[in-house]
Amino acid sequence: MKFINKLENTLLKWIDYFYRIWPQPFPGKESLTDCKVISHRGEFDNENVFENTLSAFETAMEAGVWGIELDLRWTQDMHPVVIHDPDLRRVFGLSLEIDKVTFMELKARCPLIPSLKEVVQRYGRTLHLMLEIKAEHYPEPDHQNQVLKDIFAPLRPQADFHILTLVPQMFQIINFVPKSTFIPIAQLNFSQISKLALNENYRGMAGHYLLLTKALLERHFKQQQKVGTGYIGSKNCLFRELNRGVEWIFSNNAAELQKIVHHLLRSH
């Protein structure tokens, strides 16, 4: 598995390099002005600033990006917190599983992990929130939906936030917002996810820019749906996606990408 992941990462780096050096037409000032750059887990290096923390989101906000992507998991006592992995090993080096501890225990062991409520209160309506629902068991779905409904009550679905997932079955559990708030994320299953988004009248879909074909884009545009691509990391790749009509630009280097956008807007 590690070999496969390493091979995949190497391939993606070469693909990114190709699109970085492939010149693209200037998309126009209007497209750049409307460009929606989304910081994937915030701006972090996981050494000084950690992903999915307030510091990572703060840096993204200061850079002027349009939105942030954040990940949702639940503690043992049904508190939603913002973290990608089911445990703290990769990011924080701690042998602690999120769903096996209470919120107070989690904060005592790792104060940097924010609650979802903290993030929504601090950045809602300032940044667009792209909340990814992880594939995990919801033992009390009615209660959990009510918790999410209360947290997001000050915000407007679609206008202020969207719900994303890699596992579309999770959308069957989430019912505190209309389906038009949902954005399924494709991996290699682009055709399947595209059909699902169209049939269910979701807001659109998202996935890696390499596999999102012109035919798929046109299919969603025809139904007035939006499309997001990741992970854009260069000016030429940004130009390509804007020229293709992509709505949401997910990036692991969102602050740097936004800096490029700002510079281009000032110089044109």
# chains A, B, ... in the order shown; residues from 1 in each chain; ligands from 1

$ residues_around --residues "Phe103 (chain A)" --least-positions-apart "5" --cutoff "12 Å" --atoms "only C-alpha atoms" --output "PyMOL selection string"
chain A and resi 73-82+97-98+108-111+113-116

$ closest_atom_pairs --of "region 51-168 of chain A" --to "region 252-261 of chain A" --cutoff "8 Å" --atoms "only C-alpha atoms" --output "tab-separated table"
residue	atom	partner	partner_atom	distance
A:Thr59	CA	A:Ala255	CA	7.8
A:Ala60	CA	A:Ala255	CA	6.0
A:Ala63	CA	A:Ala255	CA	5.3
A:Gly64	CA	A:Gln258	CA	6.9
A:Val65	CA	A:Gln258	CA	6.0

$ atom_distance --atom1 "CA of Pro157 (chain A)" --atom2 "CA of Pro86 (chain A)"
26.3 Å

$ select_by_dssp --residues "region 23-217 of chain A" --states "strand (DSSP E or B)" --output "ChimeraX atom specification"
/A:36-40,67-74,80-82,87,97,115,124,127-133,157,161-165,182-185,204-208

$ write_last_selection --atoms "N, CA and C atoms" --output "short mmCIF file (atom, residue, chain, number, x, y, z; two decimals), in the first residue's frame"
data_model
loop_
_atom_site.label_atom_id
_atom_site.label_comp_id
_atom_site.auth_asym_id
_atom_site.auth_seq_id
_atom_site.Cartn_x
_atom_site.Cartn_y
_atom_site.Cartn_z
N LYS A 36 -12.73 31.58 -7.06
CA LYS A 36 -13.03 31.10 -5.70
C LYS A 36 -11.96 30.09 -5.27
N VAL A 37 -10.90 30.60 -4.65
CA VAL A 37 -9.81 29.76 -4.18
C VAL A 37 -10.16 29.21 -2.79
N ILE A 38 -10.01 27.91 -2.61
CA ILE A 38 -10.36 27.25 -1.35
C ILE A 38 -9.11 26.59 -0.77
N SER A 39 -8.79 26.94 0.45
CA SER A 39 -7.62 26.40 1.13
C SER A 39 -7.94 25.03 1.72
N HIS A 40 -7.26 24.00 1.23
CA HIS A 40 -7.51 22.62 1.64
C HIS A 40 -6.90 22.36 3.02
N GLY A 67 -12.44 30.64 0.47
CA GLY A 67 -13.00 29.65 1.38
C GLY A 67 -11.98 28.70 1.94
N ILE A 68 -12.43 27.88 2.89
CA ILE A 68 -11.58 26.85 3.47
C ILE A 68 -12.31 25.50 3.42
N GLU A 69 -11.53 24.45 3.22
CA GLU A 69 -12.06 23.09 3.33
C GLU A 69 -11.65 22.56 4.70
N LEU A 70 -12.59 21.94 5.41
CA LEU A 70 -12.33 21.40 6.74
C LEU A 70 -13.03 20.06 6.89
N ASP A 71 -12.52 19.24 7.80
CA ASP A 71 -13.01 17.88 7.95
C ASP A 71 -13.72 17.70 9.29
N LEU A 72 -14.81 16.93 9.26
CA LEU A 72 -15.63 16.73 10.45
C LEU A 72 -15.53 15.30 10.97
N ARG A 73 -15.31 15.17 12.28
CA ARG A 73 -15.41 13.89 12.98
C ARG A 73 -16.09 14.13 14.32
N TRP A 74 -16.54 13.03 14.94
CA TRP A 74 -17.30 13.11 16.18
C TRP A 74 -16.56 12.43 17.33
N PRO A 80 -18.90 17.48 17.55
CA PRO A 80 -18.22 17.54 16.26
C PRO A 80 -16.93 18.35 16.35
N VAL A 81 -15.83 17.76 15.88
CA VAL A 81 -14.53 18.43 15.90
C VAL A 81 -13.95 18.43 14.50
N VAL A 82 -12.96 19.28 14.29
CA VAL A 82 -12.38 19.46 12.97
C VAL A 82 -11.03 18.76 12.91
N ASP A 87 -7.66 9.36 14.00
CA ASP A 87 -6.80 9.40 15.18
C ASP A 87 -5.78 10.53 15.02
N GLU A 97 -7.70 7.91 19.49
CA GLU A 97 -8.76 7.83 18.50
C GLU A 97 -9.90 8.76 18.87
N SER A 115 -13.17 22.70 17.87
CA SER A 115 -14.52 22.19 17.68
C SER A 115 -15.08 22.81 16.40
N GLY A 124 -17.37 31.75 9.82
CA GLY A 124 -18.61 31.75 9.05
C GLY A 124 -18.96 33.13 8.53
N LEU A 127 -15.37 33.50 5.57
CA LEU A 127 -14.87 32.54 4.59
C LEU A 127 -15.99 31.59 4.23
N HIS A 128 -16.00 31.13 2.99
CA HIS A 128 -16.96 30.09 2.62
C HIS A 128 -16.45 28.77 3.18
N LEU A 129 -17.32 28.01 3.84
CA LEU A 129 -16.92 26.78 4.49
C LEU A 129 -17.31 25.58 3.63
N MET A 130 -16.31 24.77 3.30
CA MET A 130 -16.52 23.51 2.58
C MET A 130 -16.27 22.39 3.59
N LEU A 131 -17.34 21.87 4.16
CA LEU A 131 -17.24 20.89 5.24
C LEU A 131 -17.29 19.47 4.68
N GLU A 132 -16.19 18.72 4.86
CA GLU A 132 -16.17 17.34 4.40
C GLU A 132 -16.61 16.40 5.50
N ILE A 133 -17.65 15.62 5.21
CA ILE A 133 -18.15 14.61 6.13
C ILE A 133 -17.36 13.33 5.91
N PRO A 157 -27.20 27.75 3.81
CA PRO A 157 -26.69 26.69 2.94
C PRO A 157 -26.47 27.22 1.52
N PHE A 161 -21.96 27.97 3.01
CA PHE A 161 -21.26 26.70 3.21
C PHE A 161 -21.86 25.60 2.32
N HIS A 162 -21.04 24.56 2.08
CA HIS A 162 -21.46 23.36 1.39
C HIS A 162 -20.99 22.15 2.18
N ILE A 163 -21.59 21.00 1.90
CA ILE A 163 -21.22 19.74 2.53
C ILE A 163 -20.62 18.83 1.47
N LEU A 164 -19.42 18.30 1.73
CA LEU A 164 -18.74 17.42 0.79
C LEU A 164 -18.53 16.04 1.42
N THR A 165 -18.34 15.04 0.57
CA THR A 165 -17.93 13.73 1.06
C THR A 165 -17.36 12.90 -0.08
N PHE A 182 -25.13 19.69 -1.19
CA PHE A 182 -24.18 18.58 -1.24
C PHE A 182 -23.27 18.63 -2.47
N ILE A 183 -22.00 18.27 -2.25
CA ILE A 183 -21.03 18.14 -3.34
C ILE A 183 -20.27 16.83 -3.13
N PRO A 184 -20.58 15.79 -3.89
CA PRO A 184 -19.81 14.55 -3.78
C PRO A 184 -18.44 14.72 -4.44
N ILE A 185 -17.43 14.06 -3.89
CA ILE A 185 -16.07 14.15 -4.41
C ILE A 185 -15.72 12.85 -5.12
N GLY A 204 -23.41 20.06 -7.27
CA GLY A 204 -22.41 19.79 -8.30
C GLY A 204 -21.53 18.65 -7.86
N MET A 205 -20.26 18.67 -8.30
CA MET A 205 -19.32 17.64 -7.91
C MET A 205 -17.92 18.23 -7.88
N ALA A 206 -16.97 17.46 -7.33
CA ALA A 206 -15.59 17.90 -7.27
C ALA A 206 -14.68 16.70 -7.48
N GLY A 207 -13.43 16.97 -7.87
CA GLY A 207 -12.46 15.91 -8.09
C GLY A 207 -11.18 16.47 -8.67
N HIS A 208 -10.20 15.59 -8.91
CA HIS A 208 -8.91 16.03 -9.44
C HIS A 208 -9.07 16.58 -10.86
#

$ residues_around --residues "Lys195 (chain A)" --least-positions-apart "6" --cutoff "10 Å" --atoms "only C-alpha atoms" --output "list in words"
Asn201, Met205, Leu216, Arg219 and His220 of chain A

$ closest_residue --among "A:Thr229, A:Asn236, A:Leu148, A:Ile173" --to "Gln187 (chain A)" --atoms "only C-alpha atoms"
A:Thr229

$ residues_around --residues "Phe92 (chain A)" --least-positions-apart "4" --cutoff "12 Å" --atoms "only C-alpha atoms" --output "number ranges by chain"
A: 46-53, 83-85, 87-88, 96-97, 109-113

$ closest_residue --among "A:Arg89, A:Gln169, A:Phe57, A:Tyr209" --to "Glu118 (chain A)" --atoms "only C-alpha atoms"
A:Phe57

$ atom_distance --atom1 "CA of Arg266 (chain A)" --atom2 "CA of Arg244 (chain A)"
22.9 Å

$ closest_residue --among "A:His263, A:Arg240, A:Lys134, A:Arg203" --to "Val227 (chain A)" --atoms "only C-alpha atoms"
A:Arg203

$ residues_around --residues "Tyr17 (chain A)" --least-positions-apart "4" --cutoff "12 Å" --atoms "only C-alpha atoms" --output "PyMOL selection string"
chain A and resi 10-13+21-23+232-237
